[in-house]
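Trainee: Here it is, the structure, as structure tokens.
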Amino acid sequence: MLKSARKQEKDGEGRMPLADHLRELRNRLLIAVVAVIVITSVTAFFYQDLIDFLIRPILESVGCTDGRKIQANGRPCAEMTVSGLVAPFSIALKVSLMAGVVFSTPVWLYQLWAFLAPGLHKNEKKYALTFVGAGVPLFLVGAALAYVLMPQTAEVLIGFTPANTTNLLPVDDYLNIITRMVIVFGLAFELPLLLVLLNFTGVLTAKRLASWWRAMVMGITVFAAVATPTGDPLTMISLAAPIVLLYFIALGICIANDRRRRRGNPDADLDDDEASDLDLTPADIGEMENVSASLPAQADGEPDGGRSARRDGYDDIT
């Protein structure tokens, strides 16, 4: 049985040695991997339905089911093929694994949050359900966007087929493209949630995040151009525009969170080596109180009033 390193942690602030952090990371990763494997095993019984679901957009956009070689728009058709003895099994395994990753999103998102949550205050850990509740729809929306854009992507790619030729599209090659797009689009939509998580854990401030907006927009655009298999601007903008919008929404959430923290702690935005503002205004000490300055009475019968004896006995007035 896996035992969390944090259950043995006695530090109230959740601090632990590096070895315990690595052990905790290993346990979280193992739970996420087991969840993916279990769901993959279940979806393997429905792999034929999943393959039909993934192939349908291609057949509707560039496929010809009546034996024709040319589409109605004059472009060549694509024929879905499977070649090789092991290819059908590898296709079924690939589709099942992709479904396992998608449907296990709540599990591995929660494991990510559970690993990073000790960096939050107790009153901020209540956002765990919000994190998972927002992360799952974002990932599914990104995956759905990849599925919707796939027909347009196929039309652009098939359009480069030379005239008087037939495009034989291997199913495994197509699944490689759609799998990459689904995973990449889904993870790309998690970027704003990751930025909010870093802000809530105190790693990234809204001020610093706002200063990166030009680089973020450029980076998202370049990422969209690389992630999409086609070079057409429509597909690239279809991926980049929602992520840029989600980035600015995340920036707004970070600004609101920093303002909330600032109200509770005026020094929340200061760096570790930055001095806080000190109020050096003198405080009112109230009315002055008169103190008697009279000396102790001198002992009678001694030349110096008994000071020598008291001095040797550590009893002088100084």
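Every chain in the structure tokens has a letter given in the order shown (A, B, ...), and although residue numbers restart at 1 in each chain, ligands are simply numbered from 1 in the order shown.
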Skipping near chain neighbours, those fewer than 2 positions away, what residues fall within 8 Å of stretch 185-201 of chain A using only C-alpha atoms, listed as a ChimeraX atom specification?

Mentor: /A:116-117,119-120,124,131,134-135,138-143,145-146,181-183,203-206,239,243,246-247,249-251,253-254,257

Trainee: Could you pull out the strand (DSSP E or B) residues of stretch 88-290 of chain A from DSSP and send them as a list in words?

Mentor: Asn167, Leu168, Leu169 and Pro170 of chain A

Trainee: List the neighbours of A:Gln48 out to 12 Å using only C-alpha atoms; skip same-chain residues closer than 5 positions along the sequence, and give me the result as a list of chain:residue names.

Mentor: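 My list of contacting residues is A:Thr43, A:Phe53, A:Leu54, A:Ile55, A:Pro88, A:Phe89, A:Ile91, A:Ala92, A:Leu93, A:Lys94, A:Val95, A:Ser96.
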
Trainee: Could the residues in this selection be saved with all heavy atoms as an mmCIF file, in the first residue's frame?

Mentor:
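File produced: result.cif:
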data_model
loop_
_atom_site.group_PDB
_atom_site.id
_atom_site.type_symbol
_atom_site.label_atom_id
_atom_site.label_comp_id
_atom_site.auth_asym_id
_atom_site.auth_seq_id
_atom_site.Cartn_x
_atom_site.Cartn_y
_atom_site.Cartn_z
ATOM 1 N N THR A 43 -12.140 1.088 -21.564
ATOM 2 C CA THR A 43 -12.472 1.615 -22.894
ATOM 3 C C THR A 43 -12.016 0.686 -24.010
ATOM 4 O O THR A 43 -12.487 0.818 -25.154
ATOM 5 C CB THR A 43 -11.824 2.992 -23.091
ATOM 6 O OG1 THR A 43 -10.393 2.891 -22.886
ATOM 7 C CG2 THR A 43 -12.394 4.010 -22.123
ATOM 8 N N PHE A 53 -16.022 6.778 -34.177
ATOM 9 C CA PHE A 53 -16.254 8.165 -33.769
ATOM 10 C C PHE A 53 -15.137 9.083 -34.264
ATOM 11 O O PHE A 53 -15.384 10.229 -34.667
ATOM 12 C CB PHE A 53 -16.375 8.235 -32.243
ATOM 13 C CG PHE A 53 -16.518 9.622 -31.707
ATOM 14 C CD1 PHE A 53 -17.726 10.303 -31.801
ATOM 15 C CD2 PHE A 53 -15.444 10.252 -31.098
ATOM 16 C CE1 PHE A 53 -17.859 11.592 -31.300
ATOM 17 C CE2 PHE A 53 -15.566 11.530 -30.591
ATOM 18 C CZ PHE A 53 -16.784 12.205 -30.691
ATOM 19 N N LEU A 54 -13.893 8.597 -34.254
ATOM 20 C CA LEU A 54 -12.761 9.415 -34.680
ATOM 21 C C LEU A 54 -12.641 9.503 -36.200
ATOM 22 O O LEU A 54 -12.199 10.523 -36.741
ATOM 23 C CB LEU A 54 -11.461 8.853 -34.098
ATOM 24 C CG LEU A 54 -11.328 8.915 -32.565
ATOM 25 C CD1 LEU A 54 -10.065 8.204 -32.121
ATOM 26 C CD2 LEU A 54 -11.327 10.355 -32.084
ATOM 27 N N ILE A 55 -13.036 8.440 -36.885
ATOM 28 C CA ILE A 55 -12.894 8.415 -38.343
ATOM 29 C C ILE A 55 -14.039 9.148 -39.040
ATOM 30 O O ILE A 55 -13.874 9.653 -40.161
ATOM 31 C CB ILE A 55 -12.791 6.954 -38.833
ATOM 32 C CG1 ILE A 55 -11.488 6.329 -38.359
ATOM 33 C CG2 ILE A 55 -12.872 6.857 -40.344
ATOM 34 C CD1 ILE A 55 -11.316 4.890 -38.768
ATOM 35 N N PRO A 88 -4.070 -3.603 -36.709
ATOM 36 C CA PRO A 88 -5.354 -3.468 -36.019
ATOM 37 C C PRO A 88 -5.240 -3.461 -34.499
ATOM 38 O O PRO A 88 -5.926 -2.703 -33.812
ATOM 39 C CB PRO A 88 -6.146 -4.688 -36.511
ATOM 40 C CG PRO A 88 -5.536 -5.022 -37.831
ATOM 41 C CD PRO A 88 -4.077 -4.719 -37.662
ATOM 42 N N PHE A 89 -4.340 -4.307 -33.959
ATOM 43 C CA PHE A 89 -4.163 -4.330 -32.505
ATOM 44 C C PHE A 89 -3.545 -3.027 -32.005
ATOM 45 O O PHE A 89 -3.975 -2.488 -30.975
ATOM 46 C CB PHE A 89 -3.280 -5.522 -32.113
ATOM 47 C CG PHE A 89 -2.945 -5.548 -30.643
ATOM 48 C CD1 PHE A 89 -3.887 -5.975 -29.719
ATOM 49 C CD2 PHE A 89 -1.700 -5.151 -30.200
ATOM 50 C CE1 PHE A 89 -3.588 -5.997 -28.366
ATOM 51 C CE2 PHE A 89 -1.389 -5.167 -28.851
ATOM 52 C CZ PHE A 89 -2.330 -5.594 -27.932
ATOM 53 N N ILE A 91 -3.767 -0.124 -33.365
ATOM 54 C CA ILE A 91 -4.777 0.932 -33.484
ATOM 55 C C ILE A 91 -5.736 0.870 -32.294
ATOM 56 O O ILE A 91 -6.064 1.900 -31.690
ATOM 57 C CB ILE A 91 -5.536 0.792 -34.812
ATOM 58 C CG1 ILE A 91 -4.605 1.122 -35.985
ATOM 59 C CG2 ILE A 91 -6.766 1.691 -34.829
ATOM 60 C CD1 ILE A 91 -5.217 0.841 -37.335
ATOM 61 N N ALA A 92 -6.186 -0.334 -31.965
ATOM 62 C CA ALA A 92 -7.094 -0.477 -30.823
ATOM 63 C C ALA A 92 -6.427 -0.027 -29.527
ATOM 64 O O ALA A 92 -7.045 0.642 -28.683
ATOM 65 C CB ALA A 92 -7.557 -1.935 -30.711
ATOM 66 N N LEU A 93 -5.144 -0.371 -29.351
ATOM 67 C CA LEU A 93 -4.418 0.030 -28.143
ATOM 68 C C LEU A 93 -4.241 1.538 -28.080
ATOM 69 O O LEU A 93 -4.406 2.164 -27.022
ATOM 70 C CB LEU A 93 -3.063 -0.684 -28.109
ATOM 71 C CG LEU A 93 -2.181 -0.409 -26.887
ATOM 72 C CD1 LEU A 93 -2.888 -0.854 -25.619
ATOM 73 C CD2 LEU A 93 -0.835 -1.104 -27.025
ATOM 74 N N LYS A 94 -3.944 2.139 -29.220
ATOM 75 C CA LYS A 94 -3.713 3.589 -29.250
ATOM 76 C C LYS A 94 -4.994 4.357 -28.941
ATOM 77 O O LYS A 94 -4.987 5.312 -28.162
ATOM 78 C CB LYS A 94 -3.169 3.982 -30.619
ATOM 79 C CG LYS A 94 -2.711 5.413 -30.736
ATOM 80 C CD LYS A 94 -2.132 5.664 -32.116
ATOM 81 C CE LYS A 94 -0.960 4.743 -32.398
ATOM 82 N NZ LYS A 94 -0.343 4.999 -33.718
ATOM 83 N N VAL A 95 -6.087 3.919 -29.529
ATOM 84 C CA VAL A 95 -7.369 4.594 -29.286
ATOM 85 C C VAL A 95 -7.799 4.420 -27.837
ATOM 86 O O VAL A 95 -8.274 5.364 -27.189
ATOM 87 C CB VAL A 95 -8.440 4.051 -30.249
ATOM 88 C CG1 VAL A 95 -9.820 4.561 -29.865
ATOM 89 C CG2 VAL A 95 -8.120 4.447 -31.675
ATOM 90 N N SER A 96 -7.622 3.236 -27.289
ATOM 91 C CA SER A 96 -8.010 2.993 -25.900
ATOM 92 C C SER A 96 -7.161 3.823 -24.940
ATOM 93 O O SER A 96 -7.673 4.356 -23.942
ATOM 94 C CB SER A 96 -7.873 1.505 -25.574
ATOM 95 O OG SER A 96 -8.671 0.722 -26.441
#

Trainee: Residues near A:Ile58, anyone? I mean within 9 Å using only C-alpha atoms, not counting same-chain ones fewer than 3 positions away, as a list in words.

Mentor: Leu54, Ile55, Ser61, Val62, Gly63, Ala78, Met80, Met150, Pro151, Ala154 and Glu155 of chain A

Trainee: Please run DSSP on the backbone and report, as a PyMOL selection string, all residues within stretch 32-226 of chain A that come out as alpha helix (DSSP H).

Mentor: chain A and resi 32-43+47-62+87-103+105-116+128-158+171-188+191-200+206-211+213-226

Trainee: Hey, which of A:Thr105, A:Thr165, A:Ala144, A:Leu175 ends up closest to A:Ala87? Count only C-alpha atoms.

Mentor: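 Nearest to A:Ala87: A:Leu175.
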
Trainee: Using only C-alpha atoms, pick whichever of A:Leu112, A:Val148, A:Val217, A:Ala35 has the shortest atom-to-atom distance to A:Val132.

Mentor: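 Selected residue with least distance to A:Val132: A:Leu112.
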
Trainee: Take atom CA of A:Phe248 and atom CA of A:Ala210 and report the distance between them in Å, one decimal.

Mentor: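 Separation of atom CA of A:Phe248 and atom CA of A:Ala210: 8.8 Å.
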